[in-house]
Amino acid sequence: MNAAQFRRSILRVRVLMPLIGLIGIGGFWGFRQLSRASYIAPAFENGGEIKVVVTDEQGNRIQDALIVPHGLRALQDPMTGYSWSEDEHGPRTIYATDQDGVVNLQYPKWVTLQSGTLTSGVILYASHPQYCSKWSIECPIANVDAIQPVHRVKLIQGGQIRAKGNRSNPNEPLGSVYAHLSNGDFATAWKDDGNSKISPVYAPGPHVARIIDQTDPDNLQFSDPIHVDLVAGQIVDVDVVVRPGMRFRGKLDTPPPVTNGFVVVTVVDLVSPTATRHDECACWRTWTTVNETGEFELHSLPPTSSITLHAWCDGYVSQNPDPTSIPHYAASTHRGSLPQFIDVKPSDAVHTIPMEACAQFEVTITDTNGRPLEGVEAHLNPNILVGVGGMTLFGYSTRAETRHPRQYASFKEQINDQMQAFRFIMSAQDENDLRPTYGGKTDANGKCRIDHLPSADNQALWISHPDWVVKDQATPPFHSSIRPELRSGELTKLSVQLVRKPALTPNMLKAPAPANAIKPPTVLQRTIENLKRLIGI
């Protein structure tokens, strides 16, 4: 699902997952002094309403544009994007703009009750079948004493691709097709256009695409990477031949027997060799298991000359790559662990995957008197590069070959289905999703142990409990700033003290007012303006 390429990165694991790939500073807003000394957050509370106006590039209002709130910013934690959780934030509603291009949508007062963080901004997704979809639209919320600004969203016209060609058998025309595309949205089945297939609207500019024929869902066929330069309002015609996927075989360089072994493979297609942004690549991602001898096989990858791969099993993880094998796009953008970059050999060759002993981590959590605390959640977040500049948790993957886009009766049905899939991006929907865990709850001795960790990434330790917080981090959002130093083949031990979580107070809920908040005029200002009008100034 190129929409997201995990949108584009999954940064942390917590009870409430921060949103993928959201970069930038969220809005600040003030909070009126409460009359009580402390405040107990209710189970759910509506925060208010924001107004959104959707237009095209010429300023014309767009009716029936679909707006979906998919993330939030927090007043006390503005640098982090949080995913929309229906348990805490209410239903994720799909809003449609009226004839004036306007929609009024509700937002929750609290981003997370456990951390005592208030909503300071809403992050939206906007889409319309005749325009390019738009992700990560930031809508800061003004001070409660200020007039809420009107949030304006501009959708641009895009171009389309029309494909004509055949399957590997020249007598078989293209069947049901879709594409993985750079800077694309959710993968959607293309429509018939005479003897050709025509794509949805994609953003103008250069792209790389793989057209995938899913006529036989169990035996997909792939085009070679296609480079197109789309122009708004125009259709680019391409001739394609799709063919069966390639076979890839490998063996982990670990002593047998291998237990709980997994391999994640990504095929990265670049818009250009000098790509530096996540929207300049298209990724096909899948995974498989490893047998007791350390061998594995993938039967149908998009035909390519190189792949990226990372692997792990009990006691071992794949090594960081030889520096000479790291391509330009990875060397210039990575921030965590790197996969192996492998030049693909003939299909009968077995590729050896270099492995190393995994890092291990054990945290002991107590109160300030040294008494162990049971049931405290502790998590690490080992990240690994995906594509160009994208990050996800080490080992997280979905079998792309099992996600088959379909035709929808309506555009709203399509968006609803796709957003339903997006909200489960961090959790397994079925046996085709791989979601290893890197944490758990402390036992009766206050201990939590985490294994099969890569050592290359500077990982943050997240500690969470309804009633306890890390000492010296006793104000919302109650984040710890602990980053243990992990080493291959070693067990790193750490002790952390917690204190009772304090009651929320008015001072805890305050933050600077935003620069863009529209404040109502004072009495003096209104008086001066009235005088100016009276005397014609």
# chains A, B, ... in the order shown; residues from 1 in each chain; ligands from 1
$ closest_atom_pairs --of "stretch 172-254 of chain A" --to "stretch 334-351 of chain A" --cutoff "6 Å" --atoms "only C-alpha atoms" --output "JSON lines"
{"residue": "A:Arg247", "atom": "CA", "partner": "A:Ser347", "partner_atom": "CA", "distance": 5.4}
{"residue": "A:Phe248", "atom": "CA", "partner": "A:Ser347", "partner_atom": "CA", "distance": 5.9}
{"residue": "A:Arg249", "atom": "CA", "partner": "A:Val350", "partner_atom": "CA", "distance": 5.0}
{"residue": "A:Gly250", "atom": "CA", "partner": "A:His351", "partner_atom": "CA", "distance": 4.3}
$ residues_around --residues "A:Ala74" --least-positions-apart "6" --cutoff "9 Å" --atoms "only C-alpha atoms" --output "list in words"
Gly26, Gly27, Phe28, Thr80, Gly81, Tyr82, Trp110, Val111, Thr112, Thr117, Leu118, Thr119, Ser120, Gly121 and Pro477 of chain A
$ select_by_dssp --residues "stretch 350-420 of chain A" --states "strand (DSSP E or B)" --output "ChimeraX atom specification"
/A:350-353,355-357,359-367,372,377-379,383-386,390-393,397-398
$ write_last_selection --atoms "C-alpha atoms" --output "short mmCIF file (atom, residue, chain, number, x, y, z; two decimals), in the first residue's frame"
data_model
loop_
_atom_site.label_atom_id
_atom_site.label_comp_id
_atom_site.auth_asym_id
_atom_site.auth_seq_id
_atom_site.Cartn_x
_atom_site.Cartn_y
_atom_site.Cartn_z
CA VAL A 350 21.30 -18.97 -2.76
CA HIS A 351 22.17 -15.60 -1.23
CA THR A 352 23.98 -15.70 2.12
CA ILE A 353 22.65 -13.19 4.66
CA MET A 355 24.01 -12.17 10.75
CA GLU A 356 25.26 -11.12 14.17
CA ALA A 357 24.29 -11.81 17.75
CA ALA A 359 21.32 -7.12 21.49
CA GLN A 360 19.25 -7.78 24.60
CA PHE A 361 17.81 -5.37 27.12
CA GLU A 362 16.48 -5.74 30.65
CA VAL A 363 14.89 -2.93 32.64
CA THR A 364 14.12 -3.08 36.35
CA ILE A 365 11.44 -0.63 37.46
CA THR A 366 10.96 0.35 41.10
CA ASP A 367 9.55 3.15 43.17
CA PRO A 372 9.60 -3.41 42.40
CA GLU A 377 4.71 -1.30 30.26
CA ALA A 378 8.20 -0.88 28.79
CA HIS A 379 8.94 -0.70 25.06
CA ASN A 383 13.66 1.56 13.52
CA ILE A 384 14.92 0.53 10.11
CA LEU A 385 15.09 2.34 6.78
CA VAL A 386 12.32 1.76 4.22
CA GLY A 390 11.11 6.27 5.39
CA MET A 391 11.35 4.43 8.70
CA THR A 392 9.38 1.62 10.27
CA LEU A 393 9.85 -0.72 13.19
CA SER A 397 5.74 -5.81 7.21
CA THR A 398 2.68 -6.86 5.29
#
$ residues_around --residues "stretch 241-245 of chain A" --least-positions-apart "5" --cutoff "10 Å" --atoms "only C-alpha atoms" --output "PyMOL selection string"
chain A and resi 163-170+173-174+210-213+219-224+298-304
$ select_by_dssp --residues "stretch 3-237 of chain A" --states "alpha helix (DSSP H)" --output "PyMOL selection string"
chain A and resi 86-89
$ write_last_selection --atoms "all heavy atoms" --output "short mmCIF file (atom, residue, chain, number, x, y, z; two decimals), in the first residue's frame"
data_model
loop_
_atom_site.label_atom_id
_atom_site.label_comp_id
_atom_site.auth_asym_id
_atom_site.auth_seq_id
_atom_site.Cartn_x
_atom_site.Cartn_y
_atom_site.Cartn_z
N GLU A 86 -10.18 5.43 18.02
CA GLU A 86 -11.62 5.57 18.25
C GLU A 86 -12.00 5.34 19.71
O GLU A 86 -13.01 5.86 20.17
CB GLU A 86 -12.37 4.61 17.33
CG GLU A 86 -12.22 4.98 15.85
CD GLU A 86 -13.21 4.27 14.96
OE1 GLU A 86 -13.64 3.17 15.34
OE2 GLU A 86 -13.55 4.82 13.91
N ASP A 87 -11.19 4.59 20.44
CA ASP A 87 -11.50 4.36 21.85
C ASP A 87 -11.41 5.66 22.64
O ASP A 87 -12.21 5.90 23.54
CB ASP A 87 -10.53 3.33 22.45
CG ASP A 87 -10.76 1.93 21.90
OD1 ASP A 87 -11.87 1.68 21.41
OD2 ASP A 87 -9.83 1.11 21.96
N GLU A 88 -10.43 6.50 22.33
CA GLU A 88 -10.23 7.74 23.08
C GLU A 88 -10.77 8.97 22.37
O GLU A 88 -11.12 9.95 23.03
CB GLU A 88 -8.73 7.95 23.35
CG GLU A 88 -8.19 7.11 24.49
CD GLU A 88 -6.86 7.64 25.00
OE1 GLU A 88 -5.86 7.50 24.29
OE2 GLU A 88 -6.84 8.20 26.11
N HIS A 89 -10.84 8.93 21.05
CA HIS A 89 -11.12 10.16 20.30
C HIS A 89 -12.47 10.16 19.61
O HIS A 89 -12.82 11.14 18.95
CB HIS A 89 -10.02 10.37 19.24
CG HIS A 89 -8.65 10.35 19.83
ND1 HIS A 89 -7.59 9.69 19.25
CD2 HIS A 89 -8.17 10.90 20.97
CE1 HIS A 89 -6.51 9.84 20.00
NE2 HIS A 89 -6.83 10.57 21.05
#
$ residues_around --residues "A:Arg487" --least-positions-apart "5" --cutoff "9 Å" --atoms "only C-alpha atoms" --output "ChimeraX atom specification"
/A:358-360,454-456,492
$ atom_distance --atom1 "atom CA of A:Ile482" --atom2 "atom CA of A:Ile123"
28.1 Å
$ decode --residues "stretch 149-194 of chain A" --atoms "N, CA and C atoms" --output "PDB file, in the first residue's frame"
ATOM      1  N   PRO A 149      -9.573  29.924  13.493  1.00  0.00           N
ATOM      2  CA  PRO A 149      -9.348  30.250  12.084  1.00  0.00           C
ATOM      3  C   PRO A 149     -10.073  29.275  11.174  1.00  0.00           C
ATOM      4  N   VAL A 150     -10.376  29.715   9.967  1.00  0.00           N
ATOM      5  CA  VAL A 150     -10.916  28.822   8.944  1.00  0.00           C
ATOM      6  C   VAL A 150      -9.738  28.149   8.256  1.00  0.00           C
ATOM      7  N   HIS A 151      -9.750  26.835   8.214  1.00  0.00           N
ATOM      8  CA  HIS A 151      -8.645  26.082   7.618  1.00  0.00           C
ATOM      9  C   HIS A 151      -8.949  25.836   6.140  1.00  0.00           C
ATOM     10  N   ARG A 152      -8.061  26.306   5.293  1.00  0.00           N
ATOM     11  CA  ARG A 152      -8.271  26.209   3.843  1.00  0.00           C
ATOM     12  C   ARG A 152      -7.371  25.128   3.257  1.00  0.00           C
ATOM     13  N   VAL A 153      -7.991  24.236   2.505  1.00  0.00           N
ATOM     14  CA  VAL A 153      -7.288  23.121   1.873  1.00  0.00           C
ATOM     15  C   VAL A 153      -7.392  23.285   0.366  1.00  0.00           C
ATOM     16  N   LYS A 154      -6.258  23.269  -0.305  1.00  0.00           N
ATOM     17  CA  LYS A 154      -6.238  23.424  -1.764  1.00  0.00           C
ATOM     18  C   LYS A 154      -5.875  22.088  -2.401  1.00  0.00           C
ATOM     19  N   LEU A 155      -6.781  21.552  -3.217  1.00  0.00           N
ATOM     20  CA  LEU A 155      -6.508  20.331  -3.965  1.00  0.00           C
ATOM     21  C   LEU A 155      -6.097  20.700  -5.386  1.00  0.00           C
ATOM     22  N   ILE A 156      -5.094  20.014  -5.892  1.00  0.00           N
ATOM     23  CA  ILE A 156      -4.586  20.326  -7.228  1.00  0.00           C
ATOM     24  C   ILE A 156      -5.010  19.256  -8.221  1.00  0.00           C
ATOM     25  N   GLN A 157      -5.073  19.665  -9.478  1.00  0.00           N
ATOM     26  CA  GLN A 157      -5.343  18.722 -10.552  1.00  0.00           C
ATOM     27  C   GLN A 157      -4.132  17.849 -10.787  1.00  0.00           C
ATOM     28  N   GLY A 158      -4.372  16.631 -11.173  1.00  0.00           N
ATOM     29  CA  GLY A 158      -3.271  15.727 -11.476  1.00  0.00           C
ATOM     30  C   GLY A 158      -3.393  15.143 -12.857  1.00  0.00           C
ATOM     31  N   GLY A 159      -2.488  14.238 -13.182  1.00  0.00           N
ATOM     32  CA  GLY A 159      -2.509  13.550 -14.462  1.00  0.00           C
ATOM     33  C   GLY A 159      -2.845  12.081 -14.270  1.00  0.00           C
ATOM     34  N   GLN A 160      -3.009  11.390 -15.384  1.00  0.00           N
ATOM     35  CA  GLN A 160      -3.347   9.971 -15.347  1.00  0.00           C
ATOM     36  C   GLN A 160      -2.439   9.190 -16.293  1.00  0.00           C
ATOM     37  N   ILE A 161      -2.383   7.884 -16.043  1.00  0.00           N
ATOM     38  CA  ILE A 161      -1.632   6.968 -16.892  1.00  0.00           C
ATOM     39  C   ILE A 161      -2.618   6.025 -17.560  1.00  0.00           C
ATOM     40  N   ARG A 162      -2.459   5.868 -18.875  1.00  0.00           N
ATOM     41  CA  ARG A 162      -3.282   4.895 -19.606  1.00  0.00           C
ATOM     42  C   ARG A 162      -2.348   3.816 -20.147  1.00  0.00           C
ATOM     43  N   ALA A 163      -2.598   2.579 -19.720  1.00  0.00           N
ATOM     44  CA  ALA A 163      -1.705   1.474 -20.077  1.00  0.00           C
ATOM     45  C   ALA A 163      -2.377   0.538 -21.072  1.00  0.00           C
ATOM     46  N   LYS A 164      -1.615   0.177 -22.085  1.00  0.00           N
ATOM     47  CA  LYS A 164      -2.066  -0.805 -23.061  1.00  0.00           C
ATOM     48  C   LYS A 164      -0.973  -1.841 -23.203  1.00  0.00           C
ATOM     49  N   GLY A 165      -1.352  -3.103 -23.252  1.00  0.00           N
ATOM     50  CA  GLY A 165      -0.334  -4.126 -23.373  1.00  0.00           C
ATOM     51  C   GLY A 165      -0.914  -5.494 -23.126  1.00  0.00           C
ATOM     52  N   ASN A 166      -0.072  -6.397 -22.685  1.00  0.00           N
ATOM     53  CA  ASN A 166      -0.503  -7.775 -22.497  1.00  0.00           C
ATOM     54  C   ASN A 166       0.257  -8.426 -21.350  1.00  0.00           C
ATOM     55  N   ARG A 167      -0.242  -9.594 -20.973  1.00  0.00           N
ATOM     56  CA  ARG A 167       0.446 -10.400 -19.991  1.00  0.00           C
ATOM     57  C   ARG A 167       1.612 -11.124 -20.661  1.00  0.00           C
ATOM     58  N   SER A 168       2.297 -11.982 -19.904  1.00  0.00           N
ATOM     59  CA  SER A 168       3.482 -12.639 -20.468  1.00  0.00           C
ATOM     60  C   SER A 168       3.144 -13.467 -21.703  1.00  0.00           C
ATOM     61  N   ASN A 169       1.914 -13.973 -21.760  1.00  0.00           N
ATOM     62  CA  ASN A 169       1.415 -14.612 -22.988  1.00  0.00           C
ATOM     63  C   ASN A 169       0.886 -13.508 -23.898  1.00  0.00           C
ATOM     64  N   PRO A 170       1.490 -13.299 -25.064  1.00  0.00           N
ATOM     65  CA  PRO A 170       1.074 -12.186 -25.940  1.00  0.00           C
ATOM     66  C   PRO A 170      -0.397 -12.216 -26.315  1.00  0.00           C
ATOM     67  N   ASN A 171      -1.040 -13.388 -26.197  1.00  0.00           N
ATOM     68  CA  ASN A 171      -2.455 -13.489 -26.547  1.00  0.00           C
ATOM     69  C   ASN A 171      -3.378 -13.112 -25.393  1.00  0.00           C
ATOM     70  N   GLU A 172      -2.791 -12.799 -24.247  1.00  0.00           N
ATOM     71  CA  GLU A 172      -3.600 -12.437 -23.089  1.00  0.00           C
ATOM     72  C   GLU A 172      -3.469 -10.942 -22.822  1.00  0.00           C
ATOM     73  N   PRO A 173      -4.540 -10.179 -23.026  1.00  0.00           N
ATOM     74  CA  PRO A 173      -4.469  -8.740 -22.723  1.00  0.00           C
ATOM     75  C   PRO A 173      -4.400  -8.515 -21.210  1.00  0.00           C
ATOM     76  N   LEU A 174      -4.081  -7.298 -20.823  1.00  0.00           N
ATOM     77  CA  LEU A 174      -4.063  -6.957 -19.407  1.00  0.00           C
ATOM     78  C   LEU A 174      -5.436  -7.221 -18.798  1.00  0.00           C
ATOM     79  N   GLY A 175      -5.418  -7.746 -17.566  1.00  0.00           N
ATOM     80  CA  GLY A 175      -6.667  -8.014 -16.870  1.00  0.00           C
ATOM     81  C   GLY A 175      -6.938  -6.937 -15.840  1.00  0.00           C
ATOM     82  N   SER A 176      -7.190  -7.350 -14.620  1.00  0.00           N
ATOM     83  CA  SER A 176      -7.402  -6.390 -13.529  1.00  0.00           C
ATOM     84  C   SER A 176      -6.034  -5.896 -13.061  1.00  0.00           C
ATOM     85  N   VAL A 177      -5.801  -4.592 -13.147  1.00  0.00           N
ATOM     86  CA  VAL A 177      -4.481  -4.055 -12.817  1.00  0.00           C
ATOM     87  C   VAL A 177      -4.585  -2.916 -11.806  1.00  0.00           C
ATOM     88  N   TYR A 178      -3.483  -2.691 -11.121  1.00  0.00           N
ATOM     89  CA  TYR A 178      -3.284  -1.522 -10.270  1.00  0.00           C
ATOM     90  C   TYR A 178      -1.811  -1.185 -10.340  1.00  0.00           C
ATOM     91  N   ALA A 179      -1.385  -0.166  -9.599  1.00  0.00           N
ATOM     92  CA  ALA A 179       0.020   0.223  -9.656  1.00  0.00           C
ATOM     93  C   ALA A 179       0.539   0.598  -8.288  1.00  0.00           C
ATOM     94  N   HIS A 180       1.827   0.326  -8.073  1.00  0.00           N
ATOM     95  CA  HIS A 180       2.584   0.931  -6.984  1.00  0.00           C
ATOM     96  C   HIS A 180       3.323   2.101  -7.598  1.00  0.00           C
ATOM     97  N   LEU A 181       3.107   3.283  -7.045  1.00  0.00           N
ATOM     98  CA  LEU A 181       3.559   4.506  -7.683  1.00  0.00           C
ATOM     99  C   LEU A 181       4.211   5.420  -6.662  1.00  0.00           C
ATOM    100  N   SER A 182       5.309   6.077  -7.053  1.00  0.00           N
ATOM    101  CA  SER A 182       5.928   7.065  -6.167  1.00  0.00           C
ATOM    102  C   SER A 182       4.958   8.223  -5.954  1.00  0.00           C
ATOM    103  N   ASN A 183       4.955   8.736  -4.725  1.00  0.00           N
ATOM    104  CA  ASN A 183       4.072   9.845  -4.368  1.00  0.00           C
ATOM    105  C   ASN A 183       2.621   9.532  -4.691  1.00  0.00           C
ATOM    106  N   GLY A 184       2.293   8.248  -4.642  1.00  0.00           N
ATOM    107  CA  GLY A 184       0.924   7.845  -4.920  1.00  0.00           C
ATOM    108  C   GLY A 184       0.110   7.746  -3.648  1.00  0.00           C
ATOM    109  N   ASP A 185      -1.166   7.482  -3.804  1.00  0.00           N
ATOM    110  CA  ASP A 185      -2.060   7.327  -2.669  1.00  0.00           C
ATOM    111  C   ASP A 185      -2.295   5.840  -2.468  1.00  0.00           C
ATOM    112  N   PHE A 186      -3.402   5.461  -1.841  1.00  0.00           N
ATOM    113  CA  PHE A 186      -3.728   4.061  -1.704  1.00  0.00           C
ATOM    114  C   PHE A 186      -3.787   3.407  -3.081  1.00  0.00           C
ATOM    115  N   ALA A 187      -3.286   2.166  -3.180  1.00  0.00           N
ATOM    116  CA  ALA A 187      -3.378   1.431  -4.443  1.00  0.00           C
ATOM    117  C   ALA A 187      -4.849   1.160  -4.745  1.00  0.00           C
ATOM    118  N   THR A 188      -5.263   1.508  -5.960  1.00  0.00           N
ATOM    119  CA  THR A 188      -6.654   1.379  -6.381  1.00  0.00           C
ATOM    120  C   THR A 188      -6.698   0.709  -7.745  1.00  0.00           C
ATOM    121  N   ALA A 189      -7.670  -0.179  -7.936  1.00  0.00           N
ATOM    122  CA  ALA A 189      -7.800  -0.863  -9.223  1.00  0.00           C
ATOM    123  C   ALA A 189      -8.071   0.152 -10.333  1.00  0.00           C
ATOM    124  N   TRP A 190      -7.365  -0.002 -11.445  1.00  0.00           N
ATOM    125  CA  TRP A 190      -7.564   0.879 -12.603  1.00  0.00           C
ATOM    126  C   TRP A 190      -8.842   0.496 -13.344  1.00  0.00           C
ATOM    127  N   LYS A 191      -9.383   1.460 -14.058  1.00  0.00           N
ATOM    128  CA  LYS A 191     -10.645   1.239 -14.772  1.00  0.00           C
ATOM    129  C   LYS A 191     -10.385   0.909 -16.241  1.00  0.00           C
ATOM    130  N   ASP A 192     -11.366   0.249 -16.849  1.00  0.00           N
ATOM    131  CA  ASP A 192     -11.287  -0.048 -18.280  1.00  0.00           C
ATOM    132  C   ASP A 192     -11.480   1.221 -19.090  1.00  0.00           C
ATOM    133  N   ASP A 193     -10.697   1.339 -20.162  1.00  0.00           N
ATOM    134  CA  ASP A 193     -10.825   2.458 -21.098  1.00  0.00           C
ATOM    135  C   ASP A 193     -10.629   1.892 -22.496  1.00  0.00           C
ATOM    136  N   GLY A 194     -11.699   1.300 -23.031  1.00  0.00           N
ATOM    137  CA  GLY A 194     -11.575   0.597 -24.294  1.00  0.00           C
ATOM    138  C   GLY A 194     -10.701  -0.629 -24.114  1.00  0.00           C
TER     139      GLY A 194
END
